[in-house]
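target_35.txt follows (compact mmCIF, C-alpha atoms):
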```
# COMPACT_ATOMS: atom_id res chain seq x y z
CA MET A 1130 -19.19 -79.99 -21.89
CA LYS A 1131 -21.19 -82.77 -23.54
CA PRO A 1132 -21.91 -82.28 -27.26
CA GLY A 1133 -25.41 -80.91 -27.65
CA LEU A 1134 -25.57 -79.58 -24.09
CA LYS A 1135 -26.38 -75.87 -24.30
CA PRO A 1136 -24.16 -73.81 -22.00
CA VAL A 1137 -25.46 -71.07 -19.80
CA VAL A 1138 -24.33 -67.82 -21.35
CA CYS A 1139 -24.86 -64.21 -20.42
CA LEU A 1140 -24.24 -60.93 -22.15
CA SER A 1141 -22.91 -58.53 -19.58
CA ALA A 1142 -20.24 -56.10 -18.57
CA LEU A 1143 -18.96 -56.38 -15.01
CA LEU A 1144 -16.91 -53.78 -13.21
CA VAL A 1145 -15.18 -55.11 -10.11
CA GLY A 1146 -13.21 -53.05 -7.63
CA ILE A 1147 -10.77 -54.80 -5.32
CA GLY A 1148 -8.81 -53.37 -2.42
CA ALA A 1149 -9.02 -50.40 -0.11
CA PHE A 1150 -9.84 -47.22 -2.01
CA TYR A 1151 -10.77 -43.75 -0.98
CA PHE A 1152 -11.62 -40.62 -2.93
CA ALA A 1153 -8.85 -38.16 -3.66
CA SER A 1154 -9.16 -35.42 -6.26
CA PRO A 1155 -6.18 -35.27 -8.64
CA ARG A 1156 -3.90 -32.28 -8.04
CA LYS A 1157 -3.55 -31.61 -11.76
CA ALA A 1158 -6.31 -31.23 -14.31
CA GLN A 1159 -7.20 -34.60 -15.84
CA TYR A 1160 -8.37 -35.13 -19.44
CA CYS A 1161 -10.02 -37.63 -21.75
CA TRP A 1162 -11.78 -37.47 -25.12
CA LEU A 1163 -15.28 -38.62 -26.00
CA LEU A 1164 -15.72 -39.34 -29.72
CA PHE A 1165 -19.09 -39.66 -31.44
CA GLY A 1166 -20.07 -41.16 -34.80
CA ARG A 1167 -18.45 -43.80 -36.98
CA ASN A 1168 -15.35 -41.69 -37.65
CA GLY A 1169 -15.52 -39.56 -34.51
CA GLU A 1170 -16.37 -36.32 -36.31
CA ALA A 1171 -17.89 -34.86 -33.15
CA ARG A 1172 -15.64 -34.82 -30.08
CA VAL A 1173 -15.77 -33.60 -26.50
CA LEU A 1174 -12.70 -32.94 -24.38
CA VAL A 1175 -13.51 -33.75 -20.75
CA CYS A 1176 -11.50 -31.92 -18.10
CA LEU A 1177 -11.66 -32.67 -14.38
CA GLU A 1178 -10.09 -30.02 -12.18
CA GLY A 1179 -10.75 -30.64 -8.53
CA LYS A 1180 -14.47 -31.39 -8.46
CA ALA A 1181 -15.28 -29.18 -11.46
CA VAL A 1182 -16.08 -30.71 -14.87
CA THR A 1183 -15.59 -28.88 -18.19
CA LEU A 1184 -16.71 -30.15 -21.61
CA ASP A 1185 -15.17 -28.50 -24.70
CA HIS A 1186 -16.84 -29.36 -28.02
CA TYR A 1187 -15.13 -30.01 -31.36
CA VAL A 1188 -16.36 -30.89 -34.85
CA TYR A 1189 -14.01 -32.15 -37.57
CA GLY A 1190 -11.09 -31.43 -35.25
CA LYS A 1191 -11.94 -27.75 -34.76
CA PRO A 1192 -13.37 -26.16 -31.58
CA THR A 1193 -16.98 -25.03 -31.93
CA GLY A 1194 -16.67 -22.45 -29.13
CA ARG A 1195 -19.15 -24.35 -26.98
CA ARG A 1196 -18.02 -25.04 -23.40
CA ASP A 1197 -20.18 -26.68 -20.74
CA GLN A 1198 -19.05 -26.15 -17.15
CA PHE A 1199 -20.28 -27.89 -14.00
CA ARG A 1200 -19.33 -27.48 -10.37
CA SER A 1201 -19.22 -31.26 -9.91
CA ASP A 1202 -19.77 -34.51 -11.80
CA ALA A 1203 -23.20 -34.83 -10.17
CA GLU A 1204 -24.33 -31.77 -12.17
CA CYS A 1205 -23.03 -33.14 -15.49
CA GLU A 1206 -26.23 -34.70 -16.77
CA ASN A 1207 -28.32 -34.71 -19.97
CA VAL A 1208 -25.81 -32.85 -22.13
CA SER A 1209 -26.94 -33.02 -25.78
CA LEU A 1210 -24.83 -32.67 -28.92
CA ALA A 1211 -25.59 -33.25 -32.57
CA ASP A 1212 -23.76 -35.45 -35.06
CA PRO A 1213 -22.70 -33.59 -38.22
CA ASP A 1214 -24.74 -36.15 -40.20
CA GLY A 1215 -27.84 -34.17 -39.20
CA GLN A 1216 -29.68 -37.34 -38.16
CA THR A 1217 -28.19 -38.44 -34.87
CA THR A 1218 -28.16 -36.83 -31.45
CA TYR A 1219 -26.09 -37.90 -28.45
CA VAL A 1220 -27.08 -37.29 -24.83
CA ILE A 1221 -24.50 -37.64 -22.08
CA THR A 1222 -27.02 -38.74 -19.47
CA HIS A 1223 -24.49 -38.76 -16.65
CA LEU A 1224 -20.76 -38.70 -15.96
CA ARG A 1225 -19.36 -39.98 -12.68
CA GLU A 1226 -15.88 -39.89 -11.22
CA GLN A 1227 -14.83 -43.12 -9.51
CA GLU A 1228 -12.93 -43.63 -6.29
CA VAL A 1229 -9.22 -44.26 -6.88
CA PRO A 1230 -6.14 -44.72 -4.68
CA ALA A 1231 -4.34 -41.57 -3.58
CA GLY A 1232 -2.05 -40.26 -6.30
CA ALA A 1233 -3.68 -42.30 -9.09
CA HIS A 1234 -5.05 -40.76 -12.27
CA ALA A 1235 -8.76 -40.02 -12.30
CA GLU A 1236 -11.26 -42.60 -13.56
CA ILE A 1237 -14.73 -41.83 -14.90
CA ILE A 1238 -17.74 -43.71 -16.20
CA VAL A 1239 -19.87 -41.97 -18.84
CA HIS A 1240 -23.35 -43.05 -20.01
CA VAL A 1241 -24.61 -41.91 -23.41
CA ASP A 1242 -27.95 -42.30 -25.23
CA ILE A 1243 -27.68 -42.52 -29.03
CA ARG A 1244 -30.86 -41.21 -30.69
CA GLY A 1245 -31.51 -41.33 -34.41
CA PRO A 1246 -32.14 -43.91 -37.14
CA LEU A 1247 -30.47 -46.37 -34.74
CA SER A 1248 -31.18 -45.72 -31.06
CA TYR A 1249 -29.46 -47.48 -28.18
CA ARG A 1250 -27.38 -46.83 -25.06
CA GLN A 1251 -23.68 -47.15 -24.35
CA TYR A 1252 -21.30 -46.46 -21.51
CA CYS A 1253 -17.54 -46.22 -21.14
CA ASP A 1254 -15.05 -46.75 -18.37
CA VAL A 1255 -12.05 -44.43 -18.67
CA GLN A 1256 -9.72 -46.13 -16.23
CA GLU A 1257 -6.83 -43.70 -16.41
CA MET A 1258 -7.26 -40.09 -17.49
CA SER A 1259 -4.24 -38.00 -18.45
CA ASP A 1260 -2.84 -34.64 -17.37
CA ASP A 1261 -1.96 -34.03 -21.06
CA PRO A 1262 -4.89 -33.53 -23.49
CA GLN A 1263 -2.70 -34.67 -26.39
CA ARG A 1264 -2.12 -38.03 -24.73
CA ALA A 1265 -5.56 -38.40 -23.22
CA PRO A 1266 -7.46 -41.69 -23.77
CA LEU A 1267 -10.28 -41.83 -26.32
CA SER A 1268 -13.75 -43.30 -25.80
CA HIS A 1269 -15.63 -43.82 -29.07
CA PHE A 1270 -19.44 -43.84 -28.94
CA HIS A 1271 -21.63 -44.96 -31.87
CA GLY A 1272 -18.50 -46.32 -33.52
CA PRO A 1273 -17.88 -49.66 -35.24
CA LEU A 1274 -19.11 -52.47 -33.01
CA THR A 1275 -17.56 -55.86 -32.35
CA ALA A 1276 -18.40 -58.68 -29.95
CA GLU A 1277 -15.76 -60.23 -27.73
CA VAL A 1278 -15.42 -62.11 -24.46
CA ARG A 1279 -15.32 -60.02 -21.34
CA LYS A 1280 -11.78 -58.95 -20.48
CA THR A 1281 -9.90 -57.40 -17.56
CA ASN A 1282 -7.60 -54.52 -18.51
CA PHE A 1283 -8.06 -55.55 -22.16
CA GLU A 1284 -6.73 -59.07 -21.47
CA VAL A 1285 -8.63 -62.36 -21.57
CA HIS A 1286 -8.57 -64.02 -18.16
CA PRO A 1287 -5.84 -66.67 -18.27
CA GLY A 1288 -8.11 -69.21 -16.61
CA LEU A 1289 -10.91 -68.92 -19.18
CA ALA A 1290 -11.63 -72.32 -20.73
CA LEU A 1291 -14.70 -74.17 -21.97
CA LYS A 1292 -15.29 -77.16 -19.74
CA ARG A 1293 -17.27 -80.35 -20.29
CA GLY A 1294 -19.58 -81.88 -17.72
CA GLU A 1295 -22.71 -81.05 -15.77
CA LYS A 1296 -21.46 -77.54 -14.92
CA PRO A 1297 -20.53 -75.96 -18.26
CA THR A 1298 -18.59 -72.75 -18.48
CA GLU A 1299 -20.53 -69.50 -18.22
CA LEU A 1300 -19.24 -67.35 -21.05
CA TYR A 1301 -19.60 -63.57 -20.67
CA ALA A 1302 -19.38 -61.25 -23.65
CA VAL A 1303 -19.66 -57.55 -24.46
CA VAL A 1304 -20.59 -55.68 -27.64
CA GLY A 1305 -18.81 -52.39 -28.21
CA THR A 1306 -15.80 -50.47 -29.45
CA MET A 1307 -12.61 -51.54 -27.71
CA ASP A 1308 -9.04 -50.39 -28.39
CA ALA A 1309 -6.38 -51.02 -25.76
CA GLN A 1310 -3.83 -48.66 -27.35
CA LYS A 1311 -6.25 -45.73 -27.14
CA GLY A 1312 -7.68 -46.72 -23.77
CA CYS A 1313 -11.08 -47.13 -25.43
CA TRP A 1314 -13.64 -49.38 -23.74
CA VAL A 1315 -17.16 -48.43 -24.81
CA VAL A 1316 -19.90 -51.07 -24.62
CA VAL A 1317 -23.57 -51.31 -25.50
CA SER A 1318 -25.86 -51.40 -22.49
CA SER A 1319 -27.35 -54.89 -22.59
CA GLN A 1320 -30.29 -54.27 -20.24
CA GLY A 1321 -33.33 -52.16 -21.00
CA ASP A 1322 -35.43 -50.14 -18.58
CA ASP A 1323 -37.39 -53.29 -17.64
CA ASP A 1324 -34.16 -55.23 -16.92
CA GLY A 1325 -34.81 -57.31 -20.02
CA PRO A 1326 -32.58 -57.42 -23.11
CA ALA A 1327 -31.98 -54.04 -24.71
CA PHE A 1328 -31.48 -55.63 -28.12
CA PRO A 1329 -34.40 -56.33 -30.49
CA GLU A 1330 -35.69 -59.88 -30.46
CA GLY A 1331 -33.37 -62.17 -32.38
CA VAL A 1332 -30.42 -59.76 -32.25
CA HIS A 1333 -27.57 -61.05 -30.10
CA PRO A 1334 -24.00 -62.29 -30.39
CA VAL A 1335 -23.20 -65.95 -30.97
CA VAL A 1336 -20.16 -68.03 -30.12
CA ASP A 1337 -18.82 -70.78 -32.37
CA VAL A 1338 -17.16 -73.59 -30.44
CA GLU A 1339 -15.00 -76.34 -31.89
CA PHE A 1340 -14.74 -79.50 -29.77
CA PRO A 1341 -12.05 -82.11 -30.35
CA PRO A 1342 -13.40 -85.39 -31.78
CA ALA A 1343 -13.36 -88.65 -29.87
CA SER A 1344 -11.06 -90.09 -32.53
CA ALA A 1345 -8.24 -88.27 -34.28
CA ALA A 1346 -9.54 -89.63 -37.56
CA ASP A 1347 -12.90 -87.88 -37.13
CA PRO A 1348 -13.59 -84.22 -37.97
CA PRO A 1349 -13.91 -81.73 -35.08
CA ILE A 1350 -17.34 -81.15 -33.60
CA ARG A 1351 -18.59 -77.61 -34.22
CA ARG A 1352 -21.48 -76.02 -32.37
CA ARG A 1353 -22.95 -72.50 -32.35
CA TYR A 1354 -24.49 -71.11 -29.18
CA PRO A 1355 -26.51 -67.88 -28.84
CA LEU A 1356 -25.44 -65.35 -26.21
CA ASP A 1357 -29.01 -64.16 -25.76
CA ARG A 1358 -29.27 -63.65 -22.00
CA VAL A 1359 -28.38 -60.56 -19.99
CA CYS A 1360 -27.24 -60.35 -16.41
```
When written as structure tokens, how does the structure in this file appear?
Amino acid sequence: MKPGLKPVVCLSALLVGIGAFYFASPRKAQYCWLLFGRNGEARVLVCLEGKAVTLDHYVYGKPTGRRDQFRSDAECENVSLADPDGQTTYVITHLREQEVPAGAHAEIIVHVDIRGPLSYRQYCDVQEMSDDPQRAPLSHFHGPLTAEVRKTNFEVHPGLALKRGEKPTELYAVVGTMDAQKGCWVVVSSQGDDDGPAFPEGVHPVVDVEFPPASAADPPIRRRYPLDRVC
């Protein structure tokens, strides 16, 4: 990449499925947790049993007694719950089970609207649910946000490199709450209803790039590029 040449960058999250898959409901009940708020004070335990979906609600680690039951994931839509802060509401707009190989743990994608002093949308990809609620993965909505390059299975692609020349590297990034140990991959939806950026004008991640100098005696060349496009 020539110094001063602005690379083409996009802010996106891409889910790619490879191979021959077909739908097979897990034999055992499958679980995952949805956490809400900075410290996850509000929680929902998701249980898939056959096609049925059950949501058990907790606040400060204690069950509230609320249980939402659906005959299938297609019915699990627009489920509202309140944050204990009294200002924020979360709406699980839809939850969908994904196709997986026979015998694999269930995988779901959950979309959530955050409504309150700060309103935006997020979604998670729970790639491997558990048959043990105590070991179930956690997906943290409205939690602390960071920006990072797009990864596959929480790993940076080994071939990712910034290249010079007329065809600069396209760098993809996500903004969200990611934790490989907890199986947490929750990202902010980057596109709005009009397919434009969901972020306010001027709000976007940036990437700082350090290029090696032409001479070892010279300081490195540093450039900052905005990641202000969505795709």
- Message: Between A:Ala1211, A:Val1255, A:Ala1233, A:Val1239, which residue has the minimum interatomic distance to Lys1157 in chain A, considering only C-alpha atoms?
- Response: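 Looking at the shortest contact to Lys1157 in chain A, the residue is A:Ala1233.
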- Would you work out the distance separating CA of Asp1202 in chain A from CA of Glu1257 in chain A, expressed in Å to one decimal? 16.5 Å
- Quick one: residues within 7 Å of Gly1245 in chain A, all atoms listed in the file counted, chain neighbours fewer than 6 positions away excluded, as a ChimeraX atom specification? /A:1216-1218
- Message: What's around Ala1203 in chain A at 12 Å? Count all atoms listed in the file, leave out sequence neighbours fewer than 6 positions away in its own chain, and write the answer as a ChimeraX atom specification.
- Response: /A:1180-1182,1222-1227,1237,1239
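Using all atoms listed in the file for every distance, the candidate list A:Arg1244, A:Asp1260, A:Arg1195, A:Ser1209 yields A:Asp1260 as the residue closest to Ala1158 in chain A.
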- Message: Could you list, as an MDAnalysis selection string, every residue within 8 Å of Glu1277 in chain A, counting only C-alpha atoms and ignoring same-chain residues fewer than 3 positions away?
- Response: chainID A and resid 1302:1304
- Message: Between CA of Gln1263 in chain A and CA of Gly1232 in chain A, what is the distance in Å, rounded to a tenth?
- Response: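 Distance reported for this atom pair: 20.9 Å.
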Taking N, CA and C atoms as the atom set, what does range 1179-1194 of chain A look like once completed, written as a short mmCIF file (atom, residue, chain, number, x, y, z; two decimals), in the coordinates of the input?
```
data_model
loop_
_atom_site.label_atom_id
_atom_site.label_comp_id
_atom_site.auth_asym_id
_atom_site.auth_seq_id
_atom_site.Cartn_x
_atom_site.Cartn_y
_atom_site.Cartn_z
N GLY A 1179 -10.10 -30.58 -9.82
CA GLY A 1179 -10.75 -30.64 -8.53
C GLY A 1179 -12.06 -31.38 -8.70
N LYS A 1180 -13.16 -30.79 -8.25
CA LYS A 1180 -14.47 -31.39 -8.46
C LYS A 1180 -15.15 -30.88 -9.72
N ALA A 1181 -14.65 -29.81 -10.31
CA ALA A 1181 -15.28 -29.18 -11.46
C ALA A 1181 -15.08 -30.02 -12.73
N VAL A 1182 -16.11 -29.99 -13.59
CA VAL A 1182 -16.08 -30.71 -14.87
C VAL A 1182 -16.30 -29.70 -15.99
N THR A 1183 -15.45 -29.75 -17.02
CA THR A 1183 -15.59 -28.88 -18.19
C THR A 1183 -15.63 -29.75 -19.44
N LEU A 1184 -16.58 -29.45 -20.34
CA LEU A 1184 -16.71 -30.15 -21.61
C LEU A 1184 -16.50 -29.15 -22.74
N ASP A 1185 -15.43 -29.33 -23.53
CA ASP A 1185 -15.17 -28.50 -24.70
C ASP A 1185 -15.53 -29.29 -25.95
N HIS A 1186 -16.30 -28.67 -26.85
CA HIS A 1186 -16.84 -29.36 -28.02
C HIS A 1186 -16.03 -29.06 -29.27
N TYR A 1187 -15.86 -30.11 -30.10
CA TYR A 1187 -15.13 -30.01 -31.36
C TYR A 1187 -15.91 -30.73 -32.46
N VAL A 1188 -15.80 -30.22 -33.68
CA VAL A 1188 -16.36 -30.89 -34.85
C VAL A 1188 -15.31 -30.86 -35.95
N TYR A 1189 -15.05 -32.01 -36.54
CA TYR A 1189 -14.01 -32.15 -37.57
C TYR A 1189 -12.66 -31.61 -37.09
N GLY A 1190 -12.38 -31.82 -35.80
CA GLY A 1190 -11.09 -31.43 -35.25
C GLY A 1190 -10.96 -29.97 -34.86
N LYS A 1191 -12.00 -29.17 -35.07
CA LYS A 1191 -11.94 -27.75 -34.76
C LYS A 1191 -12.89 -27.40 -33.61
N PRO A 1192 -12.48 -26.54 -32.69
CA PRO A 1192 -13.37 -26.16 -31.58
C PRO A 1192 -14.58 -25.40 -32.09
N THR A 1193 -15.74 -25.72 -31.54
CA THR A 1193 -16.98 -25.03 -31.93
C THR A 1193 -17.20 -23.77 -31.11
N GLY A 1194 -16.45 -23.58 -30.04
CA GLY A 1194 -16.67 -22.45 -29.13
C GLY A 1194 -17.62 -22.78 -28.01
#
```
